[in-house]
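Structure file data33.cif; described as mmCIF, C-alpha atoms; chains and numbers go by the auth columns.
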```cif
data_upload
loop_
_atom_site.group_PDB
_atom_site.id
_atom_site.type_symbol
_atom_site.label_atom_id
_atom_site.label_comp_id
_atom_site.label_asym_id
_atom_site.label_seq_id
_atom_site.Cartn_x
_atom_site.Cartn_y
_atom_site.Cartn_z
_atom_site.B_iso_or_equiv
_atom_site.auth_seq_id
_atom_site.auth_asym_id
ATOM 1 C CA MET A 1 19.403 5.345 -0.082 0.00 1 I
ATOM 2 C CA VAL A 2 19.021 7.275 -3.312 0.00 2 I
ATOM 3 C CA PRO A 3 18.791 11.070 -2.881 0.00 3 I
ATOM 4 C CA PRO A 4 15.434 12.692 -3.699 0.00 4 I
ATOM 5 C CA LYS A 5 14.753 12.303 -7.405 0.00 5 I
ATOM 6 C CA ALA A 6 14.584 16.045 -7.958 0.00 6 I
ATOM 7 C CA ASN A 7 18.350 15.883 -7.549 0.00 7 I
ATOM 8 C CA THR A 8 18.988 12.680 -9.501 0.00 8 I
ATOM 9 C CA GLY A 9 17.105 12.616 -12.760 0.00 9 I
ATOM 10 C CA TYR A 10 16.388 8.918 -12.118 0.00 10 I
ATOM 11 C CA PRO A 11 13.158 7.543 -13.559 0.00 11 I
ATOM 12 C CA ASP A 12 10.238 7.038 -11.161 0.00 12 I
ATOM 13 C CA ALA A 13 10.687 3.257 -11.309 0.00 13 I
ATOM 14 C CA VAL A 14 13.961 3.559 -9.387 0.00 14 I
ATOM 15 C CA PHE A 15 11.962 4.699 -6.360 0.00 15 I
ATOM 16 C CA ALA A 16 9.800 1.572 -6.353 0.00 16 I
ATOM 17 C CA LEU A 17 12.245 -0.014 -3.916 0.00 17 I
ATOM 18 C CA ASP A 18 11.878 2.919 -1.507 0.00 18 I
ATOM 19 C CA TYR A 19 8.106 2.536 -1.657 0.00 19 I
ATOM 20 C CA ILE A 20 8.351 -1.189 -0.916 0.00 20 I
ATOM 21 C CA ARG A 21 10.766 -0.629 1.957 0.00 21 I
ATOM 22 C CA MET A 22 8.396 1.918 3.441 0.00 22 I
ATOM 23 C CA ALA A 23 5.432 -0.424 2.910 0.00 23 I
ATOM 24 C CA GLU A 24 7.295 -3.105 4.844 0.00 24 I
ATOM 25 C CA ASP A 25 8.147 -0.617 7.607 0.00 25 I
ATOM 26 C CA PHE A 26 4.519 0.507 7.963 0.00 26 I
ATOM 27 C CA PHE A 27 3.324 -3.105 7.979 0.00 27 I
ATOM 28 C CA GLN A 28 5.922 -3.944 10.624 0.00 28 I
ATOM 29 C CA ALA A 29 4.730 -0.943 12.673 0.00 29 I
ATOM 30 C CA HIS A 30 1.206 -2.335 12.367 0.00 30 I
ATOM 31 C CA CYS A 31 2.431 -5.700 13.659 0.00 31 I
ATOM 32 C CA ASP A 32 4.503 -4.159 16.471 0.00 32 I
ATOM 33 C CA LEU A 33 1.777 -1.915 17.889 0.00 33 I
ATOM 34 C CA PRO A 34 -0.013 -3.596 20.765 0.00 34 I
ATOM 35 C CA PRO A 35 -3.511 -4.692 19.749 0.00 35 I
ATOM 36 C CA ARG A 36 -6.394 -2.638 21.101 0.00 36 I
ATOM 37 C CA ALA A 37 -10.128 -3.073 21.006 0.00 37 I
ATOM 38 C CA PRO A 38 -11.476 -3.070 17.450 0.00 38 I
ATOM 39 C CA PRO A 39 -11.388 -1.215 15.224 0.00 39 I
ATOM 40 C CA ASP A 40 -7.849 -0.389 16.473 0.00 40 I
ATOM 41 C CA TRP A 41 -7.417 2.716 14.330 0.00 41 I
ATOM 42 C CA PRO A 42 -3.637 3.213 14.801 0.00 42 I
ATOM 43 C CA ARG A 43 -2.906 -0.292 13.498 0.00 43 I
ATOM 44 C CA TYR A 44 -5.553 0.181 10.798 0.00 44 I
ATOM 45 C CA SER A 45 -3.780 3.328 9.606 0.00 45 I
ATOM 46 C CA MET A 46 -0.384 1.622 9.447 0.00 46 I
ATOM 47 C CA ALA A 47 -1.777 -1.384 7.572 0.00 47 I
ATOM 48 C CA CYS A 48 -3.717 0.638 4.994 0.00 48 I
ATOM 49 C CA HIS A 49 -0.756 2.895 4.339 0.00 49 I
ATOM 50 C CA ALA A 50 1.422 -0.199 3.823 0.00 50 I
ATOM 51 C CA ILE A 51 -1.026 -1.414 1.168 0.00 51 I
ATOM 52 C CA GLU A 52 -1.025 1.982 -0.555 0.00 52 I
ATOM 53 C CA LEU A 53 2.773 2.152 -0.640 0.00 53 I
ATOM 54 C CA ALA A 54 3.148 -1.441 -1.874 0.00 54 I
ATOM 55 C CA LEU A 55 0.717 -0.886 -4.732 0.00 55 I
ATOM 56 C CA LYS A 56 2.316 2.428 -5.677 0.00 56 I
ATOM 57 C CA GLY A 57 5.777 0.833 -5.617 0.00 57 I
ATOM 58 C CA TYR A 58 4.577 -1.925 -7.917 0.00 58 I
ATOM 59 C CA LEU A 59 3.047 0.619 -10.288 0.00 59 I
ATOM 60 C CA LEU A 60 6.198 2.763 -10.324 0.00 60 I
ATOM 61 C CA LEU A 61 8.147 -0.341 -11.299 0.00 61 I
ATOM 62 C CA HIS A 62 5.740 -0.858 -14.192 0.00 62 I
ATOM 63 C CA GLY A 63 6.143 2.636 -15.584 0.00 63 I
ATOM 64 C CA VAL A 64 3.231 4.492 -14.011 0.00 64 I
ATOM 65 C CA PRO A 65 4.593 7.979 -13.232 0.00 65 I
ATOM 66 C CA GLU A 66 4.583 9.111 -9.615 0.00 66 I
ATOM 67 C CA LYS A 67 2.673 12.218 -10.684 0.00 67 I
ATOM 68 C CA THR A 68 -0.137 9.951 -11.928 0.00 68 I
ATOM 69 C CA LEU A 69 -0.155 8.025 -8.651 0.00 69 I
ATOM 70 C CA MET A 70 -0.611 11.275 -6.738 0.00 70 I
ATOM 71 C CA SER A 71 -3.556 12.351 -8.894 0.00 71 I
ATOM 72 C CA LYS A 72 -7.074 12.350 -7.505 0.00 72 I
ATOM 73 C CA ALA A 73 -7.863 9.162 -9.459 0.00 73 I
ATOM 74 C CA PHE A 74 -5.333 7.132 -7.459 0.00 74 I
ATOM 75 C CA ARG A 75 -4.096 9.148 -4.490 0.00 75 I
ATOM 76 C CA HIS A 76 -5.431 7.064 -1.546 0.00 76 I
ATOM 77 C CA SER A 77 -7.729 4.764 -3.513 0.00 77 I
ATOM 78 C CA LEU A 78 -6.584 1.260 -2.688 0.00 78 I
ATOM 79 C CA SER A 79 -9.207 -0.067 -5.115 0.00 79 I
ATOM 80 C CA GLY A 80 -8.021 2.162 -7.956 0.00 80 I
ATOM 81 C CA LEU A 81 -4.387 1.297 -7.297 0.00 81 I
ATOM 82 C CA LEU A 82 -5.211 -2.412 -7.130 0.00 82 I
ATOM 83 C CA ILE A 83 -7.098 -2.345 -10.436 0.00 83 I
ATOM 84 C CA GLU A 84 -4.177 -0.590 -12.109 0.00 84 I
ATOM 85 C CA ALA A 85 -1.657 -2.997 -10.542 0.00 85 I
ATOM 86 C CA GLU A 86 -3.663 -5.993 -11.754 0.00 86 I
ATOM 87 C CA THR A 87 -3.691 -4.427 -15.226 0.00 87 I
ATOM 88 C CA CYS A 88 0.115 -4.324 -14.957 0.00 88 I
ATOM 89 C CA GLY A 89 0.278 -8.019 -14.068 0.00 89 I
ATOM 90 C CA LEU A 90 -0.049 -8.179 -10.276 0.00 90 I
ATOM 91 C CA ARG A 91 -1.627 -11.458 -9.206 0.00 91 I
ATOM 92 C CA ILE A 92 -3.043 -11.935 -5.716 0.00 92 I
ATOM 93 C CA GLY A 93 -5.842 -14.145 -4.468 0.00 93 I
ATOM 94 C CA THR A 94 -9.476 -13.153 -4.764 0.00 94 I
ATOM 95 C CA GLN A 95 -9.862 -12.905 -0.987 0.00 95 I
ATOM 96 C CA ALA A 96 -6.858 -10.595 -0.714 0.00 96 I
ATOM 97 C CA ALA A 97 -8.270 -8.366 -3.466 0.00 97 I
ATOM 98 C CA ASP A 98 -11.681 -8.347 -1.765 0.00 98 I
ATOM 99 C CA VAL A 99 -10.150 -7.290 1.561 0.00 99 I
ATOM 100 C CA ILE A 100 -8.127 -4.505 -0.092 0.00 100 I
ATOM 101 C CA ASN A 101 -11.287 -3.265 -1.801 0.00 101 I
ATOM 102 C CA LEU A 102 -13.166 -3.271 1.526 0.00 102 I
ATOM 103 C CA LEU A 103 -10.344 -1.328 3.177 0.00 103 I
ATOM 104 C CA SER A 104 -10.278 1.232 0.364 0.00 104 I
ATOM 105 C CA LYS A 105 -13.319 3.258 1.439 0.00 105 I
ATOM 106 C CA VAL A 106 -12.153 3.366 5.043 0.00 106 I
ATOM 107 C CA HIS A 107 -8.696 4.519 3.924 0.00 107 I
ATOM 108 C CA GLU A 108 -9.992 7.083 1.413 0.00 108 I
ATOM 109 C CA ASP A 109 -12.319 8.577 4.047 0.00 109 I
ATOM 110 C CA TYR A 110 -9.395 8.912 6.506 0.00 110 I
ATOM 111 C CA ARG A 111 -11.440 7.026 9.101 0.00 111 I
ATOM 112 C CA PRO A 112 -8.367 5.636 10.871 0.00 112 I
ATOM 113 C CA ARG A 113 -6.946 9.153 11.209 0.00 113 I
ATOM 114 C CA TYR A 114 -9.863 11.216 12.490 0.00 114 I
ATOM 115 C CA PRO A 115 -12.493 10.291 15.090 0.00 115 I
ATOM 116 C CA ARG A 116 -16.086 10.263 13.919 0.00 116 I
ATOM 117 C CA LEU A 117 -19.254 8.290 14.223 0.00 117 I
ATOM 118 C CA SER A 118 -20.373 6.773 10.976 0.00 118 I
ATOM 119 C CA GLY A 119 -22.407 3.760 11.963 0.00 119 I
ATOM 120 C CA GLU A 120 -20.716 1.752 9.206 0.00 120 I
ATOM 121 C CA GLU A 121 -19.230 -1.619 10.002 0.00 121 I
ATOM 122 C CA VAL A 122 -15.556 -2.169 9.267 0.00 122 I
ATOM 123 C CA LEU A 123 -13.385 -5.260 9.226 0.00 123 I
ATOM 124 C CA THR A 124 -11.159 -5.761 12.219 0.00 124 I
ATOM 125 C CA ILE A 125 -7.643 -5.120 11.050 0.00 125 I
ATOM 126 C CA ASP A 126 -6.403 -8.438 12.427 0.00 126 I
ATOM 127 C CA GLN A 127 -8.724 -10.198 9.952 0.00 127 I
ATOM 128 C CA CYS A 128 -6.897 -8.398 7.146 0.00 128 I
ATOM 129 C CA GLN A 129 -3.310 -9.093 8.164 0.00 129 I
ATOM 130 C CA PRO A 130 -2.817 -12.339 6.177 0.00 130 I
ATOM 131 C CA TYR A 131 -4.060 -10.651 3.001 0.00 131 I
ATOM 132 C CA ILE A 132 -1.800 -7.636 3.426 0.00 132 I
ATOM 133 C CA ASP A 133 1.074 -10.034 3.934 0.00 133 I
ATOM 134 C CA GLU A 134 0.017 -11.824 0.729 0.00 134 I
ATOM 135 C CA LEU A 135 0.159 -8.531 -1.188 0.00 135 I
ATOM 136 C CA LEU A 136 3.622 -7.726 0.145 0.00 136 I
ATOM 137 C CA LYS A 137 4.853 -11.219 -0.731 0.00 137 I
ATOM 138 C CA ALA A 138 3.550 -10.772 -4.284 0.00 138 I
ATOM 139 C CA VAL A 139 5.107 -7.337 -4.767 0.00 139 I
ATOM 140 C CA ARG A 140 8.392 -7.633 -2.858 0.00 140 I
ATOM 141 C CA PRO A 141 10.268 -10.102 -5.130 0.00 141 I
ATOM 142 C CA LYS A 142 9.272 -8.281 -8.317 0.00 142 I
ATOM 143 C CA VAL A 143 10.651 -4.978 -7.048 0.00 143 I
ATOM 144 C CA ARG A 144 13.736 -6.517 -5.494 0.00 144 I
ATOM 145 C CA ALA A 145 14.530 -8.340 -8.762 0.00 145 I
ATOM 146 C CA ALA A 146 14.476 -5.089 -10.743 0.00 146 I
ATOM 147 C CA PRO A 147 17.855 -4.100 -12.220 0.00 147 I
ATOM 148 C CA PHE A 148 18.113 -0.965 -10.091 0.00 148 I
ATOM 149 C CA ALA A 149 17.386 -2.692 -6.757 0.00 149 I
ATOM 150 C CA ASP A 150 21.045 -2.688 -5.707 0.00 150 I
ATOM 151 C CA ILE A 151 21.471 1.083 -6.053 0.00 151 I
#
```

Can you turn what I pasted into structure tokens?
Amino acid sequence: MVPPKANTGYPDAVFALDYIRMAEDFFQAHCDLPPRAPPDWPRYSMACHAIELALKGYLLLHGVPEKTLMSKAFRHSLSGLLIEAETCGLRIGTQAADVINLLSKVHEDYRPRYPRLSGEEVLTIDQCQPYIDELLKAVRPKVRAAPFADI
């Protein structure tokens, strides 16, 4: 693995592969956790974080600086990250985009991380799994094909 970029001088895009690897790890953690009664917040948290990391990895690859991705405009906004990724050429199905947009508010509000009563309905995370997998399948080959992927 590449040392932290503060010590390397590498461009942000080099770290896209690390983001994708972490996205895959978080998605695998989501899959490996035993299912619980909906909404199954631990698995929800892993899945949403996988989406965030995958989108950020894709954007790093396309020249969006990490500092920009950490700004309030993008930080945990799956919708904002998705819009920017689509602007940079990411193509996923309409249903996958719709699911990511529905998950965005839940993720931005930290609902999977902190207990609270909101009265709002949420998707069950198992309904979302095929669409998260679709996102990863769209992003993974683009990042792995990048010239720095064998570093």

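Comparing the minimum interatomic distances between Ala37 (chain I) and each of I:Leu81, I:Ile125, I:Val139, I:Met22, counting only C-alpha atoms, we find that I:Ile125 sits nearest.
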
Picked residues, the PyMOL selection byres ((chain I and resi 30) around 8), expected as a tab-separated table (two decimals) with C-alpha atoms, in the frame of the given file:
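The resulting file, out-v9.tsv, is reproduced below:
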```
chain	number	residue	atom	x	y	z
I	26	PHE	CA	4.52	0.51	7.96
I	27	PHE	CA	3.32	-3.10	7.98
I	28	GLN	CA	5.92	-3.94	10.62
I	29	ALA	CA	4.73	-0.94	12.67
I	31	CYS	CA	2.43	-5.70	13.66
I	32	ASP	CA	4.50	-4.16	16.47
I	33	LEU	CA	1.78	-1.92	17.89
I	42	PRO	CA	-3.64	3.21	14.80
I	43	ARG	CA	-2.91	-0.29	13.50
I	44	TYR	CA	-5.55	0.18	10.80
I	46	MET	CA	-0.38	1.62	9.45
I	47	ALA	CA	-1.78	-1.38	7.57
```

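The coordinates place CA of Tyr114 (chain I) at 23.6 Å from CA of Leu55 (chain I).
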
Mind giving me the straight-line distance from CA of Val143 (chain I) to CA of Asp18 (chain I) in Å, one decimal?
9.7 Å

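Using all atoms listed in the file, the smallest distance between any of I:Leu82, I:Leu53, I:Leu136, I:Leu102 and Glu66 (chain I) comes from I:Leu53.
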
Contact residues around Gly63 (chain I) with only C-alpha atoms at 9 Å, ignoring same-chain residues under 3 positions, as a PyMOL selection string
chain I and resi 11-13+59-60+66

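Counting only C-alpha atoms, the residue from I:Tyr110, I:Phe74, I:Tyr131, I:Tyr58 that sits nearest to Arg21 (chain I) is I:Tyr58.
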
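Between Ser79 (chain I) and the candidates I:Glu120, I:Glu52, I:Asp109, I:Glu134, the tightest atom-to-atom separation, counting only C-alpha atoms, involves I:Glu52.
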
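CA of Ala85 (chain I) sits 17.1 Å away from CA of Ala145 (chain I).
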
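Of the residues listed (I:Glu84, I:Pro39, I:Ser71, I:Val106), I:Glu84 shows the shortest atom-to-atom separation from Gly57 (chain I); distances use all atoms listed in the file.
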
Selection in question (the file shown): the PyMOL selection byres ((chain I and resi 100) around 10). Which residues does it include, as a short mmCIF file (atom, residue, chain, number, x, y, z; two decimals) with C-alpha atoms, in the frame of the given file?
```cif
data_model
loop_
_atom_site.label_atom_id
_atom_site.label_comp_id
_atom_site.auth_asym_id
_atom_site.auth_seq_id
_atom_site.Cartn_x
_atom_site.Cartn_y
_atom_site.Cartn_z
CA CYS I 48 -3.72 0.64 4.99
CA ILE I 51 -1.03 -1.41 1.17
CA GLU I 52 -1.02 1.98 -0.56
CA SER I 77 -7.73 4.76 -3.51
CA LEU I 78 -6.58 1.26 -2.69
CA SER I 79 -9.21 -0.07 -5.12
CA LEU I 81 -4.39 1.30 -7.30
CA LEU I 82 -5.21 -2.41 -7.13
CA THR I 94 -9.48 -13.15 -4.76
CA GLN I 95 -9.86 -12.90 -0.99
CA ALA I 96 -6.86 -10.60 -0.71
CA ALA I 97 -8.27 -8.37 -3.47
CA ASP I 98 -11.68 -8.35 -1.76
CA VAL I 99 -10.15 -7.29 1.56
CA ASN I 101 -11.29 -3.26 -1.80
CA LEU I 102 -13.17 -3.27 1.53
CA LEU I 103 -10.34 -1.33 3.18
CA SER I 104 -10.28 1.23 0.36
CA LYS I 105 -13.32 3.26 1.44
CA HIS I 107 -8.70 4.52 3.92
CA CYS I 128 -6.90 -8.40 7.15
CA TYR I 131 -4.06 -10.65 3.00
CA ILE I 132 -1.80 -7.64 3.43
CA LEU I 135 0.16 -8.53 -1.19
#
```

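Distance annotation: of I:Met70, I:Pro38, I:Ala146, I:Asp133, the residue with the minimal separation from Glu121 (chain I) is I:Pro38; atom set is only C-alpha atoms.
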